[in-house]
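Engineer: Have a look at this one before I ask anything.
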Amino acid sequence: MLGRSANGIFWLFRNLERAENTARLIEAGFRMALTRDARDASDEWRSVIVTLGLRQLFEAKFGSDYAGPNVINFILRDRDNPGNVLTMCELARTNARMVRAGITREVWESVNDSWLKMRELLARPVTETRLGDVLDTLRRQSTQVRGAMEGTMLRNEIYNFARIGSFIERADNTARILDVKYYVLLPSISYVGSSLDNVQWENVLRSLAGERAYRWLNAGRMEARGIAEFLILDSRFPRSLAFCYGKLRSNLEHLAREYGCETDAHAILREADCDLHTITIDAIFEQGLHEYIAKFISRNTRLANQIQYDYRFID
Amino acid sequence: MKAASPSSYDEMFAADGSVRAAYRGYEQWYAEQPADLLRRKATEAEAFFRRTGITFNVYGNEDAEERLIPFDMVPRIIAAHQWRRLSRGIEQRVRALNAFLHDLYHRQEIVRSGRLPARLLEKNPAFLPQMVGFTPPGGVYTHIVGIDLVRTGEDEFMVLEDNARTPSGVSYMLENRETMMAMFPELFTRVRVREVSDYPRRLARSLAACLPPAAKGHQPVVAVLTPGIYNSAYFEHAFLADQMGAELVEGSDLRIENGRIAMRTTQGYQPIDVLYRRVDDDYLDPLTFKPESQLGVSGIMDVYRAGGITIANAPGTGIADDKAIYSFMPEIVEFYTGEKPILPNVPTWRCSEPDALKYVLEHLSELVVKEVHGSGGYGMLIGPTSSKKEIAAFAAKLAARPHNYIAQPTLSLSTVPILSRAGLTPRHVDLRPFVLVSPAGIDITPGGLTRVALKKGSLVVNSSQGGGTKDSWVLDD
């Protein structure tokens with residue numbers, strides 16, 4: 001397979017994953033904003049913007065006016081935000097066209113369909129009334145692409161690069177949401193354990209589609225340590241860091257088997273994976289959740305870069 | 001039943017309104033369909049094309065970056081006995097084209113014998129000196145050819161143009177059939193139509209039969225070279241690569257390693273045996289041709305000449321598309337095959353000849369005048385639809401450089417009905433059959449691409465100018 005195609009498929013799935021995660025983040029923010037008064041609502045929206053790393057860009061345009069419609073449209077479709085969701089869908093489709101010969105017709109059609117639908121839905125500003133519909137469609141479309149992929153793609157190198165793109169991106173997203181919510185958004189450390197803190201944690205779970213699973217596992221108890229453990233170490237939860245790395249390990253192993261050799265990326269992966277398997281949540285809180293997550297994110301980026309290098313994504 | 005306009009030959013209806021034999025099965029089926037069903041299907045078909053991304057890009061048109069080529073649901077049907085004659089004629093012509101190209105780049109017997117003026121080759125940018133004295137692997141110049149045919153009567157088929165460079169449109173031939181079969185499966189159980197779907201497999205086999213000397217005994221590595229996703233025919237490039245199980249490469253994926261052209265794979269550089277290039281000669285090798293080109297590979301011509309790779313079609317085949325050369329095709333066919341051409345040319349005046357020029361200048365308002373090196377309808381005059389002023393301006397250009405032009409009568413192209421609001425309405429069509437050439441022989445896919453002018457009375461079938469396409473059927477006996 002061409003290095004350029006591996007790059008294309010990798011970014012196709014990173015962009016799809018990112019678009020989906022962004023939708024979840026907005027959904028959680030919207031729900032929070034609905035249940036708060038106006039000032040707190042705009043705090044909520046600010047936290048969404050901060051989590052996405054868009055604070056500077058957003059404030060350059062709107063100042064500190066974190067009104068819902070501003071935030072929603074900035075994230076979804078504003079050309080002043082180069083990482084808007086519409087652009088992600090467009091990039092995903094451009095990558096899919098580039099690797100058209102490497103994906104099945106079903107996968108291509110679902111990516112293309114997703115872009116056509118999003119382009120139509122995002123052609124005009126999104127009101128709060130339409131938001132539910134837009135986010136729903138976004139999530140459904142990404143489920144459809146995933147389904148097409150699971151059901152039709154040969155389990156070869158192409159599939160593995162696609163999955164690697166998805167899980168690198170997902171791990172990065174989970175880690176960032178966890179970090180920002182915990183470290184940046186709590187007004188001060190004295191809030192830890194307060195009811196505001198609990199609401200925030202619930203919101204973290206909701207952003208990662210994990211609130212139901214967590215409640216089920218913990219009989220409804222909301223507690224920072226438990227939630228962090230769930231999101232970092234519980235390998236049963238498909239958005240946890242441990243789950244993502246379990247998948248990355250198996251996809252990289254497949255590549256090593258198919259190509260008959262391991263690369264430097266495998267060493268980085270083993271180190272990260274081993275860490276996730278041996279560390280306890282107490283040890284993580286002892287060294288500081290923020291420090292732990294920051295280290296994780298930088299290693300995750302290093303792994304992505306090494307994969308791109310080892311498999312000759314670019315010349 | 002509606003009869004076609006009396007001036008041109010309608011392929012479905014005879015002048016008395018009766019249905020011609022080839023269309024009888026289809027017409028029976030059509031008559032049974034509720035009126036709104038076909039229109040609803042037309043909308044379905046468009047959604048299908050959009051979803052599957054069968055689009056083409058239009059240069060210089062940023063808003064509509066990807067457009068659909070309109071698809072008409074009434075098939076164009078060719079009787080088995082007509083096709084037999086057509087395919088004999090096409091085979092003869094393609095055989096002659098390859099012999100002609102070999103001769104042009106070697107001894108030029110045809111020039112020595114006085115049948116072809118040497119000046120047609122001199123200073124002709126499509127004639128590549130780099131190819132002189134070199135024989136491509138397997139002796140094949142045009143691995144893929146599209147022969148554009150027009151029809152003016154029951155048995156009157158003529159060749160309008162030869163596309164020996166990089167003919168496009170085959171993906172539409174295949175997708176149009178897929179669409180028709182998906183929408184009207186029962187129609188295909190009633191009318192026996194010859195299959196086209198194995199074209200990609202035949203293409204792959206045909207390309208693999210032309211391995212370069214440097215190829216090892218392993219499974220042949222074939223790649224399709226595309227200018228990239230912004231090229232107007234990108235969909236087709238990706239489609240063919242996908243269908244053949246070949247890699248779709250761009251210039252930036254390629255480099256020279258150990259005297260071979262190699263592509264950058266996830267496991268390092270891998271040599272390519274056969275490159276089906278969809279990049280023009282000019283852009284193929286920046287070292288040899290256009291230095292600013294980013295689409296090709298520097299040094300590929302040296303590798304090619306040293307036997308490191310097969311390029312399909314061979315560089316320099318474009319000379320056969322030249323319209324001045326075209327006007328000599330009847331002589332060319334006879335010279336190399338020793339037979340009379342089965343398929344005639346459209347009558348052509350060479351403006352380089354004084355008598356012809358005089359006639360053309362006197363009859364400009366009736367003629368179509370084309371530049372000899374032009375393609376795709378650019379730089380031409382369509383007399384009957386031009387104003388006096390346009391004709392006068394063109395006459396001046398023509399008189400100044402007569403060598404640069406040929407002229408043809410405005411043909412009354414045959415019509416096939418399209419489905420319009422008013423039901424079946426005749427529109428002018430042409431036909432491009434696709435031909436594969438390998439050392440094992442010449443392989444013609446039954447049918448081809450039918451292009452149709454959607455505007456009433458229009459003779460322009462080009463997709464860039466409002467033309468559409470139809471599924472083309474060759475009936476099975």
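To be explicit about the labels: the chains of the structure tokens are called A, B, and onward in the order shown, and within each one the residues are counted from 1, while ligands get numbers from 1 in the order they are shown.
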Could you list, as a PDB file with C-alpha atoms, in the first residue's frame, every residue of chain B that has an atom within 6 Å of an atom of chain A, counting only C-alpha atoms?
Structural biologist:
ATOM      1  CA  ARG B  51     -23.999   9.573  -3.466  1.00  0.00           C
ATOM      2  CA  THR B  52     -21.502   7.370  -5.255  1.00  0.00           C
ATOM      3  CA  ALA B 238      -9.690   5.906  -8.909  1.00  0.00           C
ATOM      4  CA  ASP B 242      -9.919   0.064  -7.662  1.00  0.00           C
ATOM      5  CA  ARG B 264       6.643   4.770  -1.958  1.00  0.00           C
ATOM      6  CA  THR B 265       4.734   2.125  -0.030  1.00  0.00           C
ATOM      7  CA  THR B 266       4.385   1.718   3.708  1.00  0.00           C
TER       8      THR B 266
END
Engineer: Could you pull out the helix (DSSP H, G or I) residues of region 66-123 of chain A from DSSP and send them as a ChimeraX atom specification?
Structural biologist: /A:68-76,85-98,100-102,105-121
Engineer: When you look at Ala41 (chain A) with a cut-off of 9 Å (counting only C-alpha atoms), what residues show up, excluding the ones that are within fewer than 6 positions of it in the same chain? I need them as a list of chain:residue names.
Structural biologist: A:Gly29, A:Phe30, A:Met32, A:Ala33, A:Leu34, A:Thr35, A:Tyr66, A:Ala67, A:Gly68
Engineer: If you keep C-alpha atoms, can you produce a file of those selected residues as a short mmCIF file (atom, residue, chain, number, x, y, z; two decimals), in the first residue's frame?
Structural biologist:
data_model
loop_
_atom_site.label_atom_id
_atom_site.label_comp_id
_atom_site.auth_asym_id
_atom_site.auth_seq_id
_atom_site.Cartn_x
_atom_site.Cartn_y
_atom_site.Cartn_z
CA GLY A 29 -22.35 21.72 26.80
CA PHE A 30 -25.79 22.45 25.43
CA MET A 32 -25.53 21.91 30.80
CA ALA A 33 -26.31 25.38 29.48
CA LEU A 34 -30.01 24.57 29.42
CA THR A 35 -30.06 23.74 33.10
CA TYR A 66 -20.02 33.29 24.95
CA ALA A 67 -23.62 33.22 23.80
CA GLY A 68 -24.83 29.76 22.73
#
Engineer: Please provide the set of residues having any atom within 7 Å of region 85-101 of chain B, restricted to only C-alpha atoms, with same-chain residues fewer than 2 positions apart removed, written as a PDB file with C-alpha atoms, in the first residue's frame.
Structural biologist:
ATOM      1  CA  HIS B  81     -25.084  -7.631 -36.927  1.00  0.00           C
ATOM      2  CA  GLN B  82     -24.271  -3.892 -36.868  1.00  0.00           C
ATOM      3  CA  TRP B  83     -21.844  -4.423 -34.030  1.00  0.00           C
ATOM      4  CA  ASP B 103       6.532   3.097 -38.665  1.00  0.00           C
ATOM      5  CA  LEU B 104       6.517   6.817 -37.790  1.00  0.00           C
ATOM      6  CA  TYR B 105       9.045   6.259 -35.037  1.00  0.00           C
ATOM      7  CA  VAL B 140       2.172  -1.927 -28.408  1.00  0.00           C
ATOM      8  CA  TYR B 141       1.745   1.856 -28.705  1.00  0.00           C
ATOM      9  CA  THR B 142      -1.907   2.345 -27.946  1.00  0.00           C
ATOM     10  CA  THR B 317       0.924   8.281 -29.593  1.00  0.00           C
ATOM     11  CA  ILE B 332      -3.000   4.794 -43.599  1.00  0.00           C
ATOM     12  CA  VAL B 333      -5.391   1.864 -43.106  1.00  0.00           C
ATOM     13  CA  TYR B 336      -0.600  -1.032 -43.350  1.00  0.00           C
ATOM     14  CA  THR B 337      -3.385  -3.593 -43.670  1.00  0.00           C
ATOM     15  CA  ILE B 342     -14.292  -0.888 -43.382  1.00  0.00           C
ATOM     16  CA  LEU B 343     -15.202   2.307 -41.529  1.00  0.00           C
ATOM     17  CA  ILE B 442      -7.240  -6.505 -30.023  1.00  0.00           C
ATOM     18  CA  ILE B 444     -13.226  -4.458 -28.072  1.00  0.00           C
TER      19      ILE B 444
END
Engineer: I want to know what sits within 10 Å of region 237-240 of chain A, based on only C-alpha atoms, with residues of the same chain fewer than 3 positions away left out; could you give that as a PyMOL selection string?
Structural biologist: chain A and resi 167+170-171+173-175+208-210+213-214+228-234+243-247
Engineer: Could you take the residues named above and write them with N, CA and C atoms, as a PDB file, in the first residue's frame?
Structural biologist:
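Generated output (part-v9.pdb):
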ATOM      1  N   PHE A 167      -8.194   5.531  16.871  1.00  0.00           N
ATOM      2  CA  PHE A 167      -7.911   5.392  18.299  1.00  0.00           C
ATOM      3  C   PHE A 167      -6.870   6.385  18.800  1.00  0.00           C
ATOM      4  N   ARG A 170      -9.119   9.332  19.276  1.00  0.00           N
ATOM      5  CA  ARG A 170     -10.052   9.177  20.387  1.00  0.00           C
ATOM      6  C   ARG A 170      -9.330   9.301  21.728  1.00  0.00           C
ATOM      7  N   ALA A 171      -8.160   8.690  21.841  1.00  0.00           N
ATOM      8  CA  ALA A 171      -7.389   8.766  23.081  1.00  0.00           C
ATOM      9  C   ALA A 171      -7.047  10.226  23.362  1.00  0.00           C
ATOM     10  N   ASN A 173      -8.672  12.873  22.393  1.00  0.00           N
ATOM     11  CA  ASN A 173      -9.886  13.591  22.784  1.00  0.00           C
ATOM     12  C   ASN A 173     -10.284  13.318  24.227  1.00  0.00           C
ATOM     13  N   THR A 174     -10.277  12.054  24.600  1.00  0.00           N
ATOM     14  CA  THR A 174     -10.659  11.699  25.971  1.00  0.00           C
ATOM     15  C   THR A 174      -9.703  12.362  26.964  1.00  0.00           C
ATOM     16  N   ALA A 175      -8.426  12.279  26.657  1.00  0.00           N
ATOM     17  CA  ALA A 175      -7.436  12.855  27.559  1.00  0.00           C
ATOM     18  C   ALA A 175      -7.635  14.361  27.693  1.00  0.00           C
ATOM     19  N   LEU A 208     -18.343  12.175  26.895  1.00  0.00           N
ATOM     20  CA  LEU A 208     -17.682  10.983  26.370  1.00  0.00           C
ATOM     21  C   LEU A 208     -18.658   9.816  26.252  1.00  0.00           C
ATOM     22  N   ALA A 209     -19.929  10.131  26.300  1.00  0.00           N
ATOM     23  CA  ALA A 209     -20.968   9.109  26.159  1.00  0.00           C
ATOM     24  C   ALA A 209     -20.803   7.995  27.176  1.00  0.00           C
ATOM     25  N   GLY A 210     -20.330   8.356  28.375  1.00  0.00           N
ATOM     26  CA  GLY A 210     -20.067   7.305  29.354  1.00  0.00           C
ATOM     27  C   GLY A 210     -20.943   7.365  30.594  1.00  0.00           C
ATOM     28  N   ALA A 213     -23.019   4.047  31.306  1.00  0.00           N
ATOM     29  CA  ALA A 213     -22.158   2.925  31.688  1.00  0.00           C
ATOM     30  C   ALA A 213     -21.587   3.131  33.091  1.00  0.00           C
ATOM     31  N   TYR A 214     -21.196   4.338  33.358  1.00  0.00           N
ATOM     32  CA  TYR A 214     -20.588   4.599  34.662  1.00  0.00           C
ATOM     33  C   TYR A 214     -21.601   4.403  35.782  1.00  0.00           C
ATOM     34  N   ALA A 228     -12.449   9.248  36.962  1.00  0.00           N
ATOM     35  CA  ALA A 228     -11.129   9.293  36.316  1.00  0.00           C
ATOM     36  C   ALA A 228     -10.628   7.866  36.063  1.00  0.00           C
ATOM     37  N   GLU A 229     -10.836   6.998  37.033  1.00  0.00           N
ATOM     38  CA  GLU A 229     -10.396   5.615  36.864  1.00  0.00           C
ATOM     39  C   GLU A 229     -11.135   4.963  35.686  1.00  0.00           C
ATOM     40  N   PHE A 230     -12.422   5.233  35.640  1.00  0.00           N
ATOM     41  CA  PHE A 230     -13.254   4.698  34.551  1.00  0.00           C
ATOM     42  C   PHE A 230     -12.756   5.177  33.183  1.00  0.00           C
ATOM     43  N   LEU A 231     -12.478   6.465  33.091  1.00  0.00           N
ATOM     44  CA  LEU A 231     -12.104   7.041  31.786  1.00  0.00           C
ATOM     45  C   LEU A 231     -10.660   6.745  31.383  1.00  0.00           C
ATOM     46  N   ILE A 232      -9.819   6.497  32.368  1.00  0.00           N
ATOM     47  CA  ILE A 232      -8.416   6.225  32.027  1.00  0.00           C
ATOM     48  C   ILE A 232      -8.153   4.727  31.954  1.00  0.00           C
ATOM     49  N   LEU A 233      -8.577   4.015  32.976  1.00  0.00           N
ATOM     50  CA  LEU A 233      -8.076   2.653  33.133  1.00  0.00           C
ATOM     51  C   LEU A 233      -9.066   1.524  32.805  1.00  0.00           C
ATOM     52  N   ASP A 234     -10.347   1.850  32.689  1.00  0.00           N
ATOM     53  CA  ASP A 234     -11.307   0.759  32.480  1.00  0.00           C
ATOM     54  C   ASP A 234     -11.331   0.323  31.016  1.00  0.00           C
ATOM     55  N   PHE A 243      -8.728   1.355  26.760  1.00  0.00           N
ATOM     56  CA  PHE A 243      -9.378   0.686  25.634  1.00  0.00           C
ATOM     57  C   PHE A 243      -8.703   1.079  24.322  1.00  0.00           C
ATOM     58  N   CYS A 244      -8.522   2.406  24.124  1.00  0.00           N
ATOM     59  CA  CYS A 244      -7.893   2.891  22.882  1.00  0.00           C
ATOM     60  C   CYS A 244      -6.531   2.239  22.679  1.00  0.00           C
ATOM     61  N   TYR A 245      -5.770   2.149  23.774  1.00  0.00           N
ATOM     62  CA  TYR A 245      -4.428   1.592  23.623  1.00  0.00           C
ATOM     63  C   TYR A 245      -4.454   0.083  23.414  1.00  0.00           C
ATOM     64  N   GLY A 246      -5.459  -0.578  23.967  1.00  0.00           N
ATOM     65  CA  GLY A 246      -5.608  -2.002  23.680  1.00  0.00           C
ATOM     66  C   GLY A 246      -5.808  -2.218  22.187  1.00  0.00           C
ATOM     67  N   LYS A 247      -6.646  -1.358  21.596  1.00  0.00           N
ATOM     68  CA  LYS A 247      -6.911  -1.459  20.159  1.00  0.00           C
ATOM     69  C   LYS A 247      -5.667  -1.101  19.348  1.00  0.00           C
TER      70      LYS A 247
END
Engineer: For Tyr276 (chain B), please output as a ChimeraX atom specification all residues within 12 Å (counting only C-alpha atoms; exclusion window: fewer than 2 positions along the same chain).
Structural biologist: /B:142-144,165-167,203-204,206-208,210,221-226,237-238,240-241,244,246-250,272-274,278-280,284,309-315
Engineer: Taking C-alpha atoms for each residue, export the selection above as a PDB file, in the first residue's frame.
Structural biologist:
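Saved file again_7.pdb follows:
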ATOM      1  CA  THR B 142      -1.907   2.345 -27.946  1.00  0.00           C
ATOM      2  CA  HIS B 143      -2.908   0.005 -25.143  1.00  0.00           C
ATOM      3  CA  ILE B 144      -6.220   1.793 -24.787  1.00  0.00           C
ATOM      4  CA  ARG B 165      -3.621   9.436 -26.263  1.00  0.00           C
ATOM      5  CA  THR B 166      -5.556   8.823 -23.046  1.00  0.00           C
ATOM      6  CA  PRO B 167      -9.197   8.290 -23.914  1.00  0.00           C
ATOM      7  CA  LEU B 203      -7.675  -3.993 -19.056  1.00  0.00           C
ATOM      8  CA  ALA B 204      -5.559  -5.429 -16.243  1.00  0.00           C
ATOM      9  CA  SER B 206      -4.007  -6.506 -21.361  1.00  0.00           C
ATOM     10  CA  LEU B 207      -1.606  -4.233 -19.457  1.00  0.00           C
ATOM     11  CA  ALA B 208       0.077  -7.159 -17.717  1.00  0.00           C
ATOM     12  CA  CYS B 210       3.141  -5.834 -21.954  1.00  0.00           C
ATOM     13  CA  VAL B 221       2.813  -4.677 -10.640  1.00  0.00           C
ATOM     14  CA  VAL B 222       0.452  -2.278 -12.406  1.00  0.00           C
ATOM     15  CA  ALA B 223      -0.222   1.273 -11.225  1.00  0.00           C
ATOM     16  CA  VAL B 224      -2.489   4.052 -12.477  1.00  0.00           C
ATOM     17  CA  LEU B 225      -0.838   7.481 -12.573  1.00  0.00           C
ATOM     18  CA  THR B 226      -3.277  10.332 -11.901  1.00  0.00           C
ATOM     19  CA  HIS B 237      -8.729   7.038 -12.410  1.00  0.00           C
ATOM     20  CA  ALA B 238      -9.690   5.906  -8.909  1.00  0.00           C
ATOM     21  CA  LEU B 240     -10.176   1.868 -12.682  1.00  0.00           C
ATOM     22  CA  ALA B 241      -7.388   1.414 -10.131  1.00  0.00           C
ATOM     23  CA  MET B 244      -8.118  -3.582 -11.386  1.00  0.00           C
ATOM     24  CA  ALA B 246      -3.861  -1.606  -8.903  1.00  0.00           C
ATOM     25  CA  GLU B 247      -2.331   1.233  -6.913  1.00  0.00           C
ATOM     26  CA  LEU B 248      -3.438   4.763  -7.779  1.00  0.00           C
ATOM     27  CA  VAL B 249      -0.254   6.825  -7.725  1.00  0.00           C
ATOM     28  CA  GLU B 250       0.665  10.478  -8.135  1.00  0.00           C
ATOM     29  CA  ILE B 272       6.282  -0.724 -10.940  1.00  0.00           C
ATOM     30  CA  ASP B 273       6.162  -2.839 -14.108  1.00  0.00           C
ATOM     31  CA  VAL B 274       3.367  -1.164 -16.026  1.00  0.00           C
ATOM     32  CA  ARG B 278      -3.570   9.398 -17.171  1.00  0.00           C
ATOM     33  CA  VAL B 279      -1.143  12.287 -17.420  1.00  0.00           C
ATOM     34  CA  ASP B 280      -0.372  13.901 -20.782  1.00  0.00           C
ATOM     35  CA  LEU B 284       5.161  12.979 -17.848  1.00  0.00           C
ATOM     36  CA  ILE B 309       8.958   0.232 -17.221  1.00  0.00           C
ATOM     37  CA  THR B 310       6.025   0.034 -19.618  1.00  0.00           C
ATOM     38  CA  ILE B 311       4.117   3.270 -20.129  1.00  0.00           C
ATOM     39  CA  ALA B 312       0.553   2.938 -21.383  1.00  0.00           C
ATOM     40  CA  ASN B 313      -0.249   4.501 -23.720  1.00  0.00           C
ATOM     41  CA  ALA B 314       3.246   4.966 -25.058  1.00  0.00           C
ATOM     42  CA  PRO B 315       4.486   8.561 -25.174  1.00  0.00           C
TER      43      PRO B 315
END
